[in-house]
file model-v1.cif (mmCIF, C-alpha atoms)
data_run
loop_
_atom_site.group_PDB
_atom_site.id
_atom_site.type_symbol
_atom_site.label_atom_id
_atom_site.label_comp_id
_atom_site.auth_asym_id
_atom_site.auth_seq_id
_atom_site.Cartn_x
_atom_site.Cartn_y
_atom_site.Cartn_z
ATOM 1 C CA MET A 28 160.807 -187.281 -70.787
ATOM 2 C CA ARG A 29 162.009 -190.029 -68.476
ATOM 3 C CA ALA A 30 159.213 -192.504 -67.743
ATOM 4 C CA ALA A 31 158.927 -195.246 -65.151
ATOM 5 C CA VAL A 32 156.618 -198.237 -64.931
ATOM 6 C CA ILE A 33 156.242 -199.872 -61.553
ATOM 7 C CA GLN A 34 155.639 -203.572 -60.937
ATOM 8 C CA ILE A 35 154.107 -204.752 -57.672
ATOM 9 C CA SER A 36 152.072 -207.595 -56.196
ATOM 10 C CA SER A 37 149.029 -206.070 -54.541
ATOM 11 C CA GLY A 38 147.052 -207.867 -51.871
ATOM 12 C CA THR A 39 143.798 -207.227 -50.056
ATOM 13 C CA ASP A 40 145.064 -204.487 -47.702
ATOM 14 C CA ARG A 41 144.247 -201.247 -49.521
ATOM 15 C CA ALA A 42 146.243 -198.997 -47.189
ATOM 16 C CA GLY A 43 149.288 -201.267 -47.333
ATOM 17 C CA ASN A 44 149.108 -201.555 -51.108
ATOM 18 C CA VAL A 45 148.988 -197.780 -51.521
ATOM 19 C CA GLU A 46 151.892 -197.227 -49.112
ATOM 20 C CA ARG A 47 154.087 -199.699 -50.955
ATOM 21 C CA ALA A 48 153.198 -198.292 -54.365
ATOM 22 C CA LEU A 49 153.857 -194.701 -53.336
ATOM 23 C CA ALA A 50 157.231 -195.648 -51.845
ATOM 24 C CA LEU A 51 158.177 -196.943 -55.295
ATOM 25 C CA VAL A 52 156.894 -193.706 -56.841
ATOM 26 C CA ASP A 53 159.292 -191.856 -54.521
ATOM 27 C CA ARG A 54 162.176 -194.028 -55.763
ATOM 28 C CA ALA A 55 161.218 -193.523 -59.399
ATOM 29 C CA ALA A 56 161.096 -189.754 -58.931
ATOM 30 C CA ARG A 57 164.545 -189.787 -57.330
ATOM 31 C CA LEU A 58 165.777 -191.648 -60.426
ATOM 32 C CA GLY A 59 164.582 -188.771 -62.582
ATOM 33 C CA ALA A 60 161.202 -190.063 -63.778
ATOM 34 C CA ARG A 61 158.742 -187.331 -64.759
ATOM 35 C CA LEU A 62 156.003 -189.788 -65.758
ATOM 36 C CA VAL A 63 155.261 -192.744 -63.459
ATOM 37 C CA VAL A 64 152.742 -195.504 -64.197
ATOM 38 C CA LEU A 65 151.387 -197.939 -61.587
ATOM 39 C CA PRO A 66 149.645 -201.287 -62.313
ATOM 40 C CA GLU A 67 145.975 -202.169 -62.606
ATOM 41 C CA TYR A 68 144.230 -203.048 -59.325
ATOM 42 C CA MET A 69 146.894 -201.136 -57.425
ATOM 43 C CA THR A 70 144.652 -200.707 -54.387
ATOM 44 C CA TYR A 71 143.216 -204.234 -54.176
ATOM 45 C CA LEU A 72 143.797 -207.593 -55.817
ATOM 46 C CA GLY A 73 141.759 -210.526 -54.567
ATOM 47 C CA ARG A 74 138.303 -212.056 -54.507
ATOM 48 C CA PHE A 75 135.436 -210.056 -55.932
ATOM 49 C CA GLU A 76 133.624 -210.465 -52.606
ATOM 50 C CA GLY A 77 136.094 -208.039 -51.069
ATOM 51 C CA LEU A 78 135.522 -205.211 -53.549
ATOM 52 C CA ALA A 79 132.745 -203.459 -51.635
ATOM 53 C CA ALA A 80 134.987 -202.931 -48.617
ATOM 54 C CA VAL A 81 137.709 -201.175 -50.636
ATOM 55 C CA ALA A 82 135.583 -199.316 -53.212
ATOM 56 C CA GLU A 83 135.884 -195.541 -53.012
ATOM 57 C CA THR A 84 134.742 -192.335 -54.584
ATOM 58 C CA VAL A 85 136.806 -189.945 -56.691
ATOM 59 C CA PRO A 86 137.945 -187.798 -55.024
ATOM 60 C CA GLY A 87 138.523 -190.191 -52.168
ATOM 61 C CA PRO A 88 141.312 -191.515 -49.925
ATOM 62 C CA THR A 89 143.508 -192.968 -52.665
ATOM 63 C CA SER A 90 143.007 -190.229 -55.239
ATOM 64 C CA VAL A 91 143.885 -187.561 -52.669
ATOM 65 C CA ARG A 92 147.172 -189.315 -51.940
ATOM 66 C CA LEU A 93 147.981 -189.740 -55.627
ATOM 67 C CA ALA A 94 147.381 -186.043 -56.236
ATOM 68 C CA ALA A 95 149.580 -185.086 -53.296
ATOM 69 C CA LYS A 96 152.394 -187.385 -54.462
ATOM 70 C CA ALA A 97 152.306 -185.950 -57.993
ATOM 71 C CA ARG A 98 152.475 -182.437 -56.543
ATOM 72 C CA GLU A 99 155.269 -183.368 -54.111
ATOM 73 C CA HIS A 100 157.577 -184.514 -56.906
ATOM 74 C CA GLY A 101 156.256 -182.316 -59.707
ATOM 75 C CA ILE A 102 155.557 -185.381 -61.891
ATOM 76 C CA TYR A 103 152.827 -186.885 -64.022
ATOM 77 C CA LEU A 104 151.463 -189.795 -61.985
ATOM 78 C CA HIS A 105 149.183 -192.483 -63.382
ATOM 79 C CA GLY A 106 147.612 -194.356 -60.483
ATOM 80 C CA GLY A 107 147.222 -197.712 -62.232
ATOM 81 C CA SER A 108 143.642 -198.432 -61.297
ATOM 82 C CA LEU A 109 141.475 -198.388 -58.212
ATOM 83 C CA ILE A 110 138.033 -199.742 -57.355
ATOM 84 C CA GLU A 111 135.550 -196.903 -57.824
ATOM 85 C CA ARG A 112 131.973 -196.951 -56.576
ATOM 86 C CA SER A 113 129.250 -196.861 -59.201
ATOM 87 C CA PRO A 114 125.539 -195.989 -59.018
ATOM 88 C CA ARG A 115 124.905 -199.714 -58.417
ATOM 89 C CA PRO A 116 125.916 -201.050 -54.989
ATOM 90 C CA ASP A 117 126.719 -204.476 -56.472
ATOM 91 C CA ARG A 118 128.909 -203.208 -59.311
ATOM 92 C CA PHE A 119 132.074 -201.089 -59.483
ATOM 93 C CA TYR A 120 134.277 -199.292 -61.989
ATOM 94 C CA ASN A 121 137.893 -200.249 -62.640
ATOM 95 C CA THR A 122 139.221 -196.693 -62.827
ATOM 96 C CA SER A 123 142.504 -195.060 -63.815
ATOM 97 C CA LEU A 124 143.417 -191.550 -62.687
ATOM 98 C CA LEU A 125 146.163 -189.389 -64.172
ATOM 99 C CA TYR A 126 147.545 -186.448 -62.192
ATOM 100 C CA GLY A 127 149.737 -183.568 -63.306
ATOM 101 C CA PRO A 128 152.754 -181.919 -61.634
ATOM 102 C CA GLU A 129 150.580 -179.542 -59.636
ATOM 103 C CA GLY A 130 148.388 -182.367 -58.368
ATOM 104 C CA GLN A 131 145.625 -181.586 -60.850
ATOM 105 C CA LEU A 132 143.446 -184.394 -62.213
ATOM 106 C CA LEU A 133 144.176 -184.580 -65.950
ATOM 107 C CA ALA A 134 142.168 -187.652 -66.949
ATOM 108 C CA THR A 135 139.801 -190.295 -65.644
ATOM 109 C CA TYR A 136 139.412 -193.558 -67.534
ATOM 110 C CA ARG A 137 137.042 -196.401 -66.662
ATOM 111 C CA LYS A 138 137.975 -199.748 -68.185
ATOM 112 C CA ILE A 139 135.897 -200.273 -71.318
ATOM 113 C CA HIS A 140 136.508 -203.972 -72.025
ATOM 114 C CA LEU A 141 135.774 -206.309 -69.115
ATOM 115 C CA PHE A 142 137.759 -209.516 -68.714
ATOM 116 C CA ASP A 143 135.152 -212.234 -69.306
ATOM 117 C CA VAL A 144 137.101 -215.300 -70.424
ATOM 118 C CA ASP A 145 137.055 -219.060 -69.993
ATOM 119 C CA VAL A 146 140.193 -220.967 -70.973
ATOM 120 C CA PRO A 147 139.547 -224.381 -69.365
ATOM 121 C CA GLY A 148 142.240 -225.427 -66.951
ATOM 122 C CA GLN A 149 144.060 -222.109 -67.236
ATOM 123 C CA VAL A 150 141.991 -219.026 -66.476
ATOM 124 C CA THR A 151 138.281 -218.403 -65.905
ATOM 125 C CA VAL A 152 137.192 -214.927 -64.830
ATOM 126 C CA ARG A 153 134.065 -212.828 -65.376
ATOM 127 C CA GLU A 154 134.745 -209.209 -64.444
ATOM 128 C CA SER A 155 131.200 -208.321 -65.520
ATOM 129 C CA GLN A 156 129.944 -210.101 -62.403
ATOM 130 C CA ALA A 157 131.468 -207.300 -60.331
ATOM 131 C CA PHE A 158 132.187 -204.366 -62.663
ATOM 132 C CA LEU A 159 130.450 -202.020 -65.052
ATOM 133 C CA PRO A 160 132.254 -201.012 -68.257
ATOM 134 C CA GLY A 161 133.235 -197.459 -69.067
ATOM 135 C CA ASP A 162 132.363 -195.948 -72.430
ATOM 136 C CA THR A 163 134.684 -192.968 -72.909
ATOM 137 C CA LEU A 164 138.197 -192.656 -74.332
ATOM 138 C CA ALA A 165 140.743 -190.671 -72.341
ATOM 139 C CA ILE A 166 143.693 -188.662 -73.677
ATOM 140 C CA ALA A 167 145.732 -186.092 -71.761
ATOM 141 C CA PRO A 168 148.895 -184.023 -72.317
ATOM 142 C CA ALA A 169 152.103 -184.677 -70.411
ATOM 143 C CA GLY A 170 154.735 -182.137 -71.363
ATOM 144 C CA ASP A 171 155.394 -182.518 -75.098
ATOM 145 C CA LEU A 172 153.597 -185.868 -75.272
ATOM 146 C CA GLN A 173 149.962 -186.932 -75.506
ATOM 147 C CA LEU A 174 148.994 -189.913 -73.347
ATOM 148 C CA GLY A 175 146.272 -192.409 -74.247
ATOM 149 C CA LEU A 176 144.774 -194.426 -71.389
ATOM 150 C CA SER A 177 143.746 -198.076 -71.355
ATOM 151 C CA ILE A 178 143.645 -200.985 -68.893
ATOM 152 C CA CYS A 179 144.809 -204.597 -69.286
ATOM 153 C CA PHE A 180 142.176 -206.561 -71.295
ATOM 154 C CA ASP A 181 141.730 -203.496 -73.526
ATOM 155 C CA LEU A 182 145.010 -204.664 -75.056
ATOM 156 C CA ARG A 183 143.135 -207.254 -77.138
ATOM 157 C CA PHE A 184 141.066 -204.579 -78.897
ATOM 158 C CA PRO A 185 143.311 -202.802 -81.421
ATOM 159 C CA GLU A 186 140.490 -200.494 -82.493
ATOM 160 C CA LEU A 187 140.662 -198.764 -79.104
ATOM 161 C CA TYR A 188 144.343 -197.915 -79.571
ATOM 162 C CA ARG A 189 143.844 -196.825 -83.156
ATOM 163 C CA ALA A 190 141.093 -194.466 -81.964
ATOM 164 C CA LEU A 191 143.470 -193.056 -79.337
ATOM 165 C CA ALA A 192 146.238 -192.586 -81.914
ATOM 166 C CA ILE A 193 143.908 -190.869 -84.368
ATOM 167 C CA ARG A 194 143.017 -188.452 -81.584
ATOM 168 C CA GLY A 195 146.685 -187.669 -81.025
ATOM 169 C CA ALA A 196 147.939 -190.185 -78.460
ATOM 170 C CA GLU A 197 151.708 -190.732 -78.727
ATOM 171 C CA VAL A 198 152.183 -192.802 -75.569
ATOM 172 C CA LEU A 199 149.808 -195.658 -74.777
ATOM 173 C CA LEU A 200 149.501 -196.529 -71.085
ATOM 174 C CA VAL A 201 148.601 -200.125 -70.210
ATOM 175 C CA PRO A 202 148.390 -200.784 -66.459
ATOM 176 C CA ALA A 203 147.643 -204.491 -66.139
ATOM 177 C CA ALA A 204 147.048 -207.557 -64.023
ATOM 178 C CA PHE A 205 147.564 -209.909 -66.977
ATOM 179 C CA ALA A 206 146.816 -213.565 -66.351
ATOM 180 C CA GLN A 207 149.890 -215.743 -66.063
ATOM 181 C CA ALA A 208 148.513 -218.444 -68.361
ATOM 182 C CA THR A 209 147.860 -216.129 -71.299
ATOM 183 C CA GLY A 210 150.680 -213.716 -70.516
ATOM 184 C CA ARG A 211 153.338 -216.279 -71.344
ATOM 185 C CA VAL A 212 152.186 -216.419 -74.970
ATOM 186 C CA HIS A 213 150.339 -213.150 -75.648
ATOM 187 C CA TRP A 214 151.608 -210.300 -73.453
ATOM 188 C CA GLU A 215 154.730 -209.129 -75.271
ATOM 189 C CA ILE A 216 153.293 -209.788 -78.741
ATOM 190 C CA LEU A 217 150.191 -207.706 -78.067
ATOM 191 C CA LEU A 218 152.117 -204.816 -76.533
ATOM 192 C CA ARG A 219 154.590 -204.654 -79.398
ATOM 193 C CA ALA A 220 151.775 -204.917 -81.939
ATOM 194 C CA ARG A 221 149.925 -201.949 -80.425
ATOM 195 C CA ALA A 222 153.177 -199.936 -80.566
ATOM 196 C CA ILE A 223 153.931 -200.888 -84.168
ATOM 197 C CA GLU A 224 150.385 -200.371 -85.456
ATOM 198 C CA ASN A 225 150.233 -196.840 -84.124
ATOM 199 C CA HIS A 226 153.929 -195.863 -83.991
ATOM 200 C CA ALA A 227 153.519 -194.988 -80.330
ATOM 201 C CA TYR A 228 155.385 -195.701 -77.116
ATOM 202 C CA VAL A 229 153.696 -198.326 -74.935
ATOM 203 C CA LEU A 230 154.196 -198.288 -71.168
ATOM 204 C CA ALA A 231 152.891 -201.454 -69.510
ATOM 205 C CA ALA A 232 152.979 -201.612 -65.702
ATOM 206 C CA ALA A 233 152.009 -205.061 -64.434
ATOM 207 C CA GLN A 234 151.059 -207.034 -61.365
ATOM 208 C CA TYR A 235 153.029 -210.198 -60.624
ATOM 209 C CA GLY A 236 152.589 -213.133 -58.258
ATOM 210 C CA GLN A 237 149.369 -214.643 -56.970
ATOM 211 C CA ASP A 238 146.333 -213.067 -55.334
ATOM 212 C CA ALA A 239 144.150 -214.269 -52.456
ATOM 213 C CA ALA A 240 141.806 -215.956 -54.937
ATOM 214 C CA GLY A 241 144.669 -218.081 -56.248
ATOM 215 C CA ARG A 242 144.900 -216.287 -59.597
ATOM 216 C CA GLY A 243 148.416 -215.919 -61.014
ATOM 217 C CA TYR A 244 149.741 -212.776 -62.750
ATOM 218 C CA TYR A 245 152.431 -212.653 -65.376
ATOM 219 C CA GLY A 246 154.405 -209.531 -64.460
ATOM 220 C CA HIS A 247 157.072 -208.734 -67.076
ATOM 221 C CA SER A 248 156.341 -204.999 -67.229
ATOM 222 C CA LEU A 249 157.527 -203.557 -70.548
ATOM 223 C CA ILE A 250 158.368 -200.312 -72.279
ATOM 224 C CA VAL A 251 158.155 -200.467 -76.077
ATOM 225 C CA ASP A 252 159.242 -197.770 -78.532
ATOM 226 C CA PRO A 253 157.309 -196.541 -81.622
ATOM 227 C CA TRP A 254 159.176 -198.982 -83.898
ATOM 228 C CA GLY A 255 158.203 -201.967 -81.731
ATOM 229 C CA ALA A 256 161.561 -202.421 -80.009
ATOM 230 C CA VAL A 257 161.501 -203.400 -76.338
ATOM 231 C CA LEU A 258 163.389 -200.723 -74.414
ATOM 232 C CA GLY A 259 163.205 -202.640 -71.152
ATOM 233 C CA GLU A 260 161.497 -205.494 -69.340
ATOM 234 C CA LEU A 261 161.221 -206.411 -65.675
ATOM 235 C CA PRO A 262 161.561 -210.020 -64.546
ATOM 236 C CA ASP A 263 159.127 -211.465 -62.031
ATOM 237 C CA GLY A 264 159.207 -209.423 -58.821
ATOM 238 C CA GLU A 265 158.788 -205.912 -57.538
ATOM 239 C CA GLY A 266 160.659 -203.196 -59.371
ATOM 240 C CA ILE A 267 160.953 -200.033 -61.432
ATOM 241 C CA LEU A 268 161.642 -199.879 -65.162
ATOM 242 C CA LEU A 269 162.927 -196.631 -66.699
ATOM 243 C CA ALA A 270 163.198 -195.328 -70.249
ATOM 244 C CA ASP A 271 163.538 -191.946 -71.929
ATOM 245 C CA LEU A 272 160.699 -191.036 -74.298
ATOM 246 C CA ASP A 273 161.408 -188.814 -77.311
ATOM 247 C CA PRO A 274 158.388 -187.192 -79.001
ATOM 248 C CA GLU A 275 160.423 -186.827 -82.186
ATOM 249 C CA GLN A 276 160.669 -190.603 -82.483
ATOM 250 C CA VAL A 277 156.874 -190.849 -82.693
ATOM 251 C CA ARG A 278 156.625 -188.099 -85.312
ATOM 252 C CA GLN A 279 159.480 -189.501 -87.377
ATOM 253 C CA ARG A 280 158.034 -193.014 -87.533
ATOM 254 C CA ARG A 281 154.571 -191.684 -88.368
ATOM 255 C CA GLN A 282 156.052 -189.729 -91.256
ATOM 256 C CA GLN A 283 158.079 -192.679 -92.532
ATOM 257 C CA VAL A 284 155.175 -195.159 -92.418
ATOM 258 C CA PRO A 285 152.051 -192.956 -92.354
ATOM 259 C CA VAL A 286 149.494 -195.596 -91.407
ATOM 260 C CA LEU A 287 147.234 -193.076 -89.677
ATOM 261 C CA GLU A 288 147.012 -190.967 -92.850
ATOM 262 C CA LEU A 289 146.638 -193.893 -95.261
ATOM 263 C CA ARG A 290 143.627 -195.424 -93.539
ATOM 264 C CA ARG A 291 140.476 -195.993 -95.664
ATOM 265 C CA PRO A 292 137.632 -196.178 -93.137
ATOM 266 C CA ALA A 293 134.908 -196.297 -95.818
ATOM 267 C CA ALA A 294 136.273 -199.595 -97.073
ATOM 268 C CA TYR A 295 136.353 -201.113 -93.602
ATOM 269 C CA GLU A 296 132.714 -200.344 -92.972
#
call {"tool": "encode", "arguments": {"input": "model-v1.cif", "output": "structure tokens"}}
result
Amino acid sequence: MRAAVIQISSGTDRAGNVERALALVDRAARLGARLVVLPEYMTYLGRFEGLAAVAETVPGPTSVRLAAKAREHGIYLHGGSLIERSPRPDRFYNTSLLYGPEGQLLATYRKIHLFDVDVPGQVTVRESQAFLPGDTLAIAPAGDLQLGLSICFDLRFPELYRALAIRGAEVLLVPAAFAQATGRVHWEILLRARAIENHAYVLAAAQYGQDAAGRGYYGHSLIVDPWGAVLGELPDGEGILLADLDPEQVRQRRQQVPVLELRRPAAYE
């Protein structure tokens, strides 16, 4: 299956962000991609004070367009993430939606690990001031592959990816808006580690540039194979990264180094 990750720099205009992202989906589909992954915060990237104005329900304006685009091209389309309303008017969900070739909703994932960090002089953010965490893993089929969903800061929690792999995930999706300061030293290492640990493909679609709040994003979208090799990387800037995914590669590596079978959970507890 040919996969594409898309790198963009979203702003505060939800409609404009969606239009630009879907135009890149069109290009990726014309290049033969059957699985397309958009970045985290695809619909809005800016100050938390602006979230209420762009928050939406599912189904809602963005999800309807994602479904239609998947159906138009007959592809699997991962919408990165959007700002979803929650039962609390002052809190939101950071939500990923995965659509199938007929426009059907295959999976919904709400970001489990919220980005609450303080690295003095580099990055200070508390997503919990604006978001509620999800609490459910999400796995869905895409052709001959099983996809495991995650979002950005989840990348620092290897137990999440191991749980996805144990449940059958062969491709790990990581839409992200990874901080520039930490991305320079951690981004590629973490992505390759998650691939190696689980012998899974990792598709990481990233934001780049700077948002209206002055926060910088690292970009450098990556596709990593089940042996940890980088199949492709985007430089800073808007673009599409393509790679062909082979389910047999996952199965072969898991047979050669059967880490999922050799686990000893009783000892860890």
call {"tool": "residues_around", "arguments": {"input": "model-v1.cif", "residues": "segment 207-224 of chain A", "least_positions_apart": "2", "cutoff": "6 Å", "atoms": "only C-alpha atoms", "output": "PyMOL selection string"}}
result
chain A and resi 149+226-229+243-245+253-255
call {"tool": "resolve_selection", "arguments": {"input": "model-v1.cif", "expression": "the PyMOL selection byres ((chain A and resi 162) around 6)", "output": "list in words"}}
result
Ile139, Gly161 and Thr163 of chain A
call {"tool": "closest_atom_pairs", "arguments": {"input": "model-v1.cif", "of": "segment 175-256 of chain A", "to": "segment 111-134 of chain A", "cutoff": "10 Å", "atoms": "only C-alpha atoms", "output": "JSON lines"}}
result
{"residue": "A:Gly175", "atom": "CA", "partner": "A:Ala134", "partner_atom": "CA", "distance": 9.6}
{"residue": "A:Leu176", "atom": "CA", "partner": "A:Ser123", "partner_atom": "CA", "distance": 7.9}
{"residue": "A:Ser177", "atom": "CA", "partner": "A:Ser123", "partner_atom": "CA", "distance": 8.2}
{"residue": "A:Ile178", "atom": "CA", "partner": "A:Ser123", "partner_atom": "CA", "distance": 7.9}
{"residue": "A:Pro202", "atom": "CA", "partner": "A:Ser123", "partner_atom": "CA", "distance": 8.6}
call {"tool": "closest_atom_pairs", "arguments": {"input": "model-v1.cif", "of": "segment 38-115 of chain A", "to": "segment 269-274 of chain A", "cutoff": "12 Å", "atoms": "only C-alpha atoms", "output": "Markdown table"}}
result
| residue | atom | partner | partner_atom | distance |
| --- | --- | --- | --- | --- |
| A:Val52 | CA | A:Leu269 | CA | 11.9 |
| A:Arg54 | CA | A:Leu269 | CA | 11.3 |
| A:Ala55 | CA | A:Leu269 | CA | 8.1 |
| A:Ala56 | CA | A:Leu269 | CA | 10.5 |
| A:Arg57 | CA | A:Leu269 | CA | 11.7 |
| A:Leu58 | CA | A:Leu269 | CA | 8.5 |
| A:Gly59 | CA | A:Leu269 | CA | 9.0 |
| A:Ala60 | CA | A:Leu269 | CA | 7.4 |
| A:Arg61 | CA | A:Asp271 | CA | 9.8 |
| A:Leu62 | CA | A:Leu269 | CA | 9.8 |
| A:Val63 | CA | A:Leu269 | CA | 9.2 |
| A:Val64 | CA | A:Leu269 | CA | 10.5 |
call {"tool": "atom_distance", "arguments": {"input": "model-v1.cif", "atom1": "atom CA of Leu258 of chain A", "atom2": "atom CA of Leu174 of chain A"}}
result
18.0 Å
call {"tool": "residues_around", "arguments": {"input": "model-v1.cif", "residues": "Gly107 of chain A", "least_positions_apart": "4", "cutoff": "12 Å", "atoms": "only C-alpha atoms", "output": "PDB file with C-alpha atoms, in the frame of the given file"}}
result
ATOM      1  CA  VAL A  32     156.618-198.237 -64.931  1.00  0.00           C
ATOM      2  CA  ILE A  33     156.242-199.872 -61.553  1.00  0.00           C
ATOM      3  CA  GLN A  34     155.639-203.572 -60.937  1.00  0.00           C
ATOM      4  CA  ILE A  35     154.107-204.752 -57.672  1.00  0.00           C
ATOM      5  CA  SER A  37     149.029-206.070 -54.541  1.00  0.00           C
ATOM      6  CA  ASN A  44     149.108-201.555 -51.108  1.00  0.00           C
ATOM      7  CA  VAL A  45     148.988-197.780 -51.521  1.00  0.00           C
ATOM      8  CA  ALA A  48     153.198-198.292 -54.365  1.00  0.00           C
ATOM      9  CA  LEU A  49     153.857-194.701 -53.336  1.00  0.00           C
ATOM     10  CA  VAL A  52     156.894-193.706 -56.841  1.00  0.00           C
ATOM     11  CA  VAL A  63     155.261-192.744 -63.459  1.00  0.00           C
ATOM     12  CA  VAL A  64     152.742-195.504 -64.197  1.00  0.00           C
ATOM     13  CA  LEU A  65     151.387-197.939 -61.587  1.00  0.00           C
ATOM     14  CA  PRO A  66     149.645-201.287 -62.313  1.00  0.00           C
ATOM     15  CA  GLU A  67     145.975-202.169 -62.606  1.00  0.00           C
ATOM     16  CA  TYR A  68     144.230-203.048 -59.325  1.00  0.00           C
ATOM     17  CA  MET A  69     146.894-201.136 -57.425  1.00  0.00           C
ATOM     18  CA  THR A  70     144.652-200.707 -54.387  1.00  0.00           C
ATOM     19  CA  TYR A  71     143.216-204.234 -54.176  1.00  0.00           C
ATOM     20  CA  THR A  89     143.508-192.968 -52.665  1.00  0.00           C
ATOM     21  CA  SER A  90     143.007-190.229 -55.239  1.00  0.00           C
ATOM     22  CA  LEU A  93     147.981-189.740 -55.627  1.00  0.00           C
ATOM     23  CA  ASN A 121     137.893-200.249 -62.640  1.00  0.00           C
ATOM     24  CA  THR A 122     139.221-196.693 -62.827  1.00  0.00           C
ATOM     25  CA  SER A 123     142.504-195.060 -63.815  1.00  0.00           C
ATOM     26  CA  LEU A 124     143.417-191.550 -62.687  1.00  0.00           C
ATOM     27  CA  LEU A 125     146.163-189.389 -64.172  1.00  0.00           C
ATOM     28  CA  TYR A 126     147.545-186.448 -62.192  1.00  0.00           C
ATOM     29  CA  THR A 135     139.801-190.295 -65.644  1.00  0.00           C
ATOM     30  CA  TYR A 136     139.412-193.558 -67.534  1.00  0.00           C
ATOM     31  CA  ARG A 137     137.042-196.401 -66.662  1.00  0.00           C
ATOM     32  CA  LYS A 138     137.975-199.748 -68.185  1.00  0.00           C
ATOM     33  CA  LEU A 176     144.774-194.426 -71.389  1.00  0.00           C
ATOM     34  CA  SER A 177     143.746-198.076 -71.355  1.00  0.00           C
ATOM     35  CA  ILE A 178     143.645-200.985 -68.893  1.00  0.00           C
ATOM     36  CA  CYS A 179     144.809-204.597 -69.286  1.00  0.00           C
ATOM     37  CA  LEU A 200     149.501-196.529 -71.085  1.00  0.00           C
ATOM     38  CA  VAL A 201     148.601-200.125 -70.210  1.00  0.00           C
ATOM     39  CA  PRO A 202     148.390-200.784 -66.459  1.00  0.00           C
ATOM     40  CA  ALA A 203     147.643-204.491 -66.139  1.00  0.00           C
ATOM     41  CA  ALA A 204     147.048-207.557 -64.023  1.00  0.00           C
ATOM     42  CA  LEU A 230     154.196-198.288 -71.168  1.00  0.00           C
ATOM     43  CA  ALA A 231     152.891-201.454 -69.510  1.00  0.00           C
ATOM     44  CA  ALA A 232     152.979-201.612 -65.702  1.00  0.00           C
ATOM     45  CA  ALA A 233     152.009-205.061 -64.434  1.00  0.00           C
ATOM     46  CA  GLN A 234     151.059-207.034 -61.365  1.00  0.00           C
TER      47      GLN A 234
END
call {"tool": "residues_around", "arguments": {"input": "model-v1.cif", "residues": "Asp143 of chain A", "least_positions_apart": "4", "cutoff": "6 Å", "atoms": "only C-alpha atoms", "output": "JSON, numbers by chain"}}
result
{"A": [152, 153, 154]}
call {"tool": "residues_around", "arguments": {"input": "model-v1.cif", "residues": "segment 72-77 of chain A", "least_positions_apart": "2", "cutoff": "7 Å", "atoms": "all atoms listed in the file", "output": "ChimeraX atom specification"}}
result
/A:37-39,68,79-80,157,238-240
call {"tool": "write_last_selection", "arguments": {"input": "model-v1.cif", "atoms": "C-alpha atoms", "output": "PDB file, in the coordinates of the input"}}
result
ATOM      1  CA  SER A  37     149.029-206.070 -54.541  1.00  0.00           C
ATOM      2  CA  GLY A  38     147.052-207.867 -51.871  1.00  0.00           C
ATOM      3  CA  THR A  39     143.798-207.227 -50.056  1.00  0.00           C
ATOM      4  CA  TYR A  68     144.230-203.048 -59.325  1.00  0.00           C
ATOM      5  CA  ALA A  79     132.745-203.459 -51.635  1.00  0.00           C
ATOM      6  CA  ALA A  80     134.987-202.931 -48.617  1.00  0.00           C
ATOM      7  CA  ALA A 157     131.468-207.300 -60.331  1.00  0.00           C
ATOM      8  CA  ASP A 238     146.333-213.067 -55.334  1.00  0.00           C
ATOM      9  CA  ALA A 239     144.150-214.269 -52.456  1.00  0.00           C
ATOM     10  CA  ALA A 240     141.806-215.956 -54.937  1.00  0.00           C
TER      11      ALA A 240
END
call {"tool": "atom_distance", "arguments": {"input": "model-v1.cif", "atom1": "atom CA of Val146 of chain A", "atom2": "atom CA of Glu260 of chain A"}}
result
26.4 Å
call {"tool": "residues_near_point", "arguments": {"input": "model-v1.cif", "point": "(144.4, -191.9, -78.1)", "cutoff": "7 Å", "atoms": "all atoms listed in the file", "output": "list in words"}}
result
Ala165, Ile166, Leu174, Gly175, Tyr188, Ala190, Leu191, Ala192, Ile193, Arg194, Gly195 and Ala196 of chain A
call {"tool": "write_last_selection", "arguments": {"input": "model-v1.cif", "atoms": "C-alpha atoms", "output": "PDB file, in the frame of the given file"}}
result
ATOM      1  CA  ALA A 165     140.743-190.671 -72.341  1.00  0.00           C
ATOM      2  CA  ILE A 166     143.693-188.662 -73.677  1.00  0.00           C
ATOM      3  CA  LEU A 174     148.994-189.913 -73.347  1.00  0.00           C
ATOM      4  CA  GLY A 175     146.272-192.409 -74.247  1.00  0.00           C
ATOM      5  CA  TYR A 188     144.343-197.915 -79.571  1.00  0.00           C
ATOM      6  CA  ALA A 190     141.093-194.466 -81.964  1.00  0.00           C
ATOM      7  CA  LEU A 191     143.470-193.056 -79.337  1.00  0.00           C
ATOM      8  CA  ALA A 192     146.238-192.586 -81.914  1.00  0.00           C
ATOM      9  CA  ILE A 193     143.908-190.869 -84.368  1.00  0.00           C
ATOM     10  CA  ARG A 194     143.017-188.452 -81.584  1.00  0.00           C
ATOM     11  CA  GLY A 195     146.685-187.669 -81.025  1.00  0.00           C
ATOM     12  CA  ALA A 196     147.939-190.185 -78.460  1.00  0.00           C
TER      13      ALA A 196
END
call {"tool": "atom_distance", "arguments": {"input": "model-v1.cif", "atom1": "atom CA of Arg280 of chain A", "atom2": "atom CA of Asn225 of chain A"}}
result
9.3 Å
call {"tool": "closest_residue", "arguments": {"input": "model-v1.cif", "among": "A:Val198, A:Val277, A:Val150, A:Leu164", "to": "Gly241 of chain A", "atoms": "all atoms listed in the file"}}
result
A:Val150
call {"tool": "closest_residue", "arguments": {"input": "model-v1.cif", "among": "A:Gly43, A:Gly266, A:Gly246, A:Gly106", "to": "Val91 of chain A", "atoms": "all atoms listed in the file"}}
result
A:Gly106
call {"tool": "closest_residue", "arguments": {"input": "model-v1.cif", "among": "A:Ala206, A:Arg278, A:His100, A:Pro160", "to": "Gln173 of chain A", "atoms": "only C-alpha atoms"}}
result
A:Arg278
